[in-house]
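Notes for the one structure printed next.
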Amino acid sequence: MGNRLETLRNRIDKFINHDDIRMCISHTYGVAQFCTLLAMKRNMDVELATTCGMLHDIHWITGGSSDNHASKGAEQAKIILKAMNTYSDGEIELITTAILKHSDKKSVDEPYDELLKDADVMNHCLYNADFPIAKSELVRYKNLLREFDITHG
């Protein structure tokens, strides 16, 4: 995965400014790991997919509200990635577009957009199996179980 990802992780850890630190860390790193898994399964670029996961809720974890966090987070992620000076414009566009679209679980978009949406759903649904699954995520969750050939009892 290289140094870019570790550099990004170190930056993000310093940005965390939220009352629920446990959830921030658990969700951010959980989604990033699910992005890694899905990228491996779908033959996609693991580093870019993981980067999408690490930054997908950047607005929320840095103290912003969840209102419109996807578009605000995409803008914030673009600034972070440009400042690192190691990501190409095309990579930044791919990552920020996935972040922008990750809250819209009903539409079907480009592969990295879908990967991030699916990783977010996996984390929401697997954080605690006793929690009810949101109606807006149920179809994606069932599709993911099929993709991984898991029967949920």
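Convention: chains lettered A, B, ... in structure tokens order; per-chain residue numbering from 1; ligands numbered from 1 as shown.
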TODO: Write out as a list in words each polymer residue whose atoms come within 12 Å of A:Lys41, counting only C-alpha atoms; drop sequence neighbours fewer than 5 positions from it.
DONE: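 Within the cut-off, the hits are Phe34, Cys35, Thr36, Val46, Ala49, Leu115, Leu144, Glu147 and Phe148 of chain A.
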- [ ] Can you pull out every residue within 6 Å of stretch 69-81 of chain A, counting only C-alpha atoms, but drop anything in the same chain fewer than 3 positions away, and send it as a VMD selection string?
- [x] chain A and resid 58 to 59 66 84 96 99 to 100
Selection to disk with all heavy atoms, as a PDB file, in the first residue's frame:
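Contents of the output file part_20.pdb:
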```
ATOM      1  N   ILE A  58     -14.661  12.425   6.714  1.00  0.00           N
ATOM      2  CA  ILE A  58     -13.700  13.386   7.246  1.00  0.00           C
ATOM      3  C   ILE A  58     -14.384  14.623   7.834  1.00  0.00           C
ATOM      4  O   ILE A  58     -13.957  15.135   8.864  1.00  0.00           O
ATOM      5  CB  ILE A  58     -12.620  13.771   6.196  1.00  0.00           C
ATOM      6  CG1 ILE A  58     -11.470  14.554   6.839  1.00  0.00           C
ATOM      7  CG2 ILE A  58     -13.216  14.504   5.004  1.00  0.00           C
ATOM      8  CD1 ILE A  58     -10.632  13.755   7.804  1.00  0.00           C
ATOM      9  N   HIS A  59     -15.445  15.073   7.218  1.00  0.00           N
ATOM     10  CA  HIS A  59     -16.148  16.250   7.751  1.00  0.00           C
ATOM     11  C   HIS A  59     -16.721  15.949   9.132  1.00  0.00           C
ATOM     12  O   HIS A  59     -16.593  16.753  10.057  1.00  0.00           O
ATOM     13  CB  HIS A  59     -17.241  16.708   6.786  1.00  0.00           C
ATOM     14  CG  HIS A  59     -17.990  17.903   7.282  1.00  0.00           C
ATOM     15  ND1 HIS A  59     -17.426  19.161   7.343  1.00  0.00           N
ATOM     16  CD2 HIS A  59     -19.238  18.031   7.783  1.00  0.00           C
ATOM     17  CE1 HIS A  59     -18.303  20.006   7.846  1.00  0.00           C
ATOM     18  NE2 HIS A  59     -19.409  19.349   8.130  1.00  0.00           N
ATOM     19  N   SER A  66     -23.399  15.808  10.683  1.00  0.00           N
ATOM     20  CA  SER A  66     -23.654  14.800   9.655  1.00  0.00           C
ATOM     21  C   SER A  66     -24.485  15.373   8.506  1.00  0.00           C
ATOM     22  O   SER A  66     -24.588  14.758   7.452  1.00  0.00           O
ATOM     23  CB  SER A  66     -24.356  13.581  10.262  1.00  0.00           C
ATOM     24  OG  SER A  66     -25.581  13.960  10.837  1.00  0.00           O
ATOM     25  N   MET A  84      -0.983  16.888   0.423  1.00  0.00           N
ATOM     26  CA  MET A  84      -0.016  15.792   0.525  1.00  0.00           C
ATOM     27  C   MET A  84       0.914  15.766  -0.684  1.00  0.00           C
ATOM     28  O   MET A  84       2.010  15.241  -0.600  1.00  0.00           O
ATOM     29  CB  MET A  84      -0.746  14.455   0.676  1.00  0.00           C
ATOM     30  CG  MET A  84      -1.399  14.284   2.024  1.00  0.00           C
ATOM     31  SD  MET A  84      -2.284  12.718   2.185  1.00  0.00           S
ATOM     32  CE  MET A  84      -0.923  11.546   2.115  1.00  0.00           C
ATOM     33  N   THR A  96     -12.639  11.803  -4.271  1.00  0.00           N
ATOM     34  CA  THR A  96     -13.612  12.798  -3.796  1.00  0.00           C
ATOM     35  C   THR A  96     -15.002  12.564  -4.384  1.00  0.00           C
ATOM     36  O   THR A  96     -16.001  12.853  -3.727  1.00  0.00           O
ATOM     37  CB  THR A  96     -13.136  14.239  -4.062  1.00  0.00           C
ATOM     38  OG1 THR A  96     -12.886  14.411  -5.456  1.00  0.00           O
ATOM     39  CG2 THR A  96     -11.872  14.546  -3.264  1.00  0.00           C
ATOM     40  N   ILE A  99     -16.528   9.906  -2.219  1.00  0.00           N
ATOM     41  CA  ILE A  99     -16.946  10.500  -0.948  1.00  0.00           C
ATOM     42  C   ILE A  99     -18.232  11.299  -1.134  1.00  0.00           C
ATOM     43  O   ILE A  99     -19.170  11.186  -0.341  1.00  0.00           O
ATOM     44  CB  ILE A  99     -15.816  11.378  -0.362  1.00  0.00           C
ATOM     45  CG1 ILE A  99     -14.624  10.506   0.029  1.00  0.00           C
ATOM     46  CG2 ILE A  99     -16.320  12.196   0.827  1.00  0.00           C
ATOM     47  CD1 ILE A  99     -13.354  11.274   0.320  1.00  0.00           C
ATOM     48  N   LEU A 100     -18.292  12.080  -2.183  1.00  0.00           N
ATOM     49  CA  LEU A 100     -19.467  12.888  -2.480  1.00  0.00           C
ATOM     50  C   LEU A 100     -20.730  12.034  -2.599  1.00  0.00           C
ATOM     51  O   LEU A 100     -21.802  12.411  -2.134  1.00  0.00           O
ATOM     52  CB  LEU A 100     -19.242  13.673  -3.776  1.00  0.00           C
ATOM     53  CG  LEU A 100     -20.398  14.516  -4.277  1.00  0.00           C
ATOM     54  CD1 LEU A 100     -20.679  15.678  -3.333  1.00  0.00           C
ATOM     55  CD2 LEU A 100     -20.093  15.035  -5.675  1.00  0.00           C
TER      56      LEU A 100
END
```
Open item on the list: Env of A:Ala39: 12 Å cut, atoms = only C-alpha atoms, seq-sep filter 3 positions within chain, self excluded. Answer as a list in words.
Closed with: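 Using only C-alpha atoms, the neighbours found are Val31, Ala32, Gln33, Phe34, Cys35, Thr36, Arg42, Asn43, Met44, Asp45, Val46, Glu47, Leu48, Ala49, Thr50, Thr51, Cys52, Gly53, Pro111, Tyr112, Asp113, Glu114, Leu115, Leu116, Asp118 and Ala119 of chain A.
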Open item on the list: Let me make sure I understand: among A:Glu93, A:Met122, A:Phe131, A:Lys14, which one has the smallest atom-to-atom distance to A:Asn143 if we use only C-alpha atoms?
Closed with: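 When distances to A:Asn143 are compared using only C-alpha atoms, the smallest one comes from A:Met122.
Checking A:Ala98, A:Asn3, A:Ser88, A:Asp104 one by one against A:Asn68, counting only C-alpha atoms, you find the shortest gap at A:Asp104.
When the distance limit is 8 Å and only C-alpha atoms are what count, the residues near A:Val121, minus those fewer than 5 positions from it on the same chain, are Glu137, Arg140 and Tyr141 of chain A.
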Output N, CA, C and O atoms for every residue in the selection just made, as a short mmCIF file (atom, residue, chain, number, x, y, z; two decimals), in the first residue's frame.
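Once written, selection_28.cif looks like this:
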```cif
data_model
loop_
_atom_site.label_atom_id
_atom_site.label_comp_id
_atom_site.auth_asym_id
_atom_site.auth_seq_id
_atom_site.Cartn_x
_atom_site.Cartn_y
_atom_site.Cartn_z
N GLU A 137 -30.46 0.59 3.65
CA GLU A 137 -29.25 -0.19 3.42
C GLU A 137 -29.53 -1.68 3.24
O GLU A 137 -28.62 -2.45 2.91
N ARG A 140 -28.63 -3.35 -0.30
CA ARG A 140 -27.17 -3.44 -0.46
C ARG A 140 -26.59 -4.52 0.45
O ARG A 140 -25.71 -5.28 0.05
N TYR A 141 -27.04 -4.55 1.68
CA TYR A 141 -26.52 -5.53 2.63
C TYR A 141 -26.80 -6.96 2.14
O TYR A 141 -25.90 -7.81 2.16
#
```
Task: Distance in Å - atom CA of A:Tyr29 versus atom CA of A:Asn123 - done: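 Taking atom CA of A:Tyr29 and atom CA of A:Asn123, their separation equals 9.5 Å.
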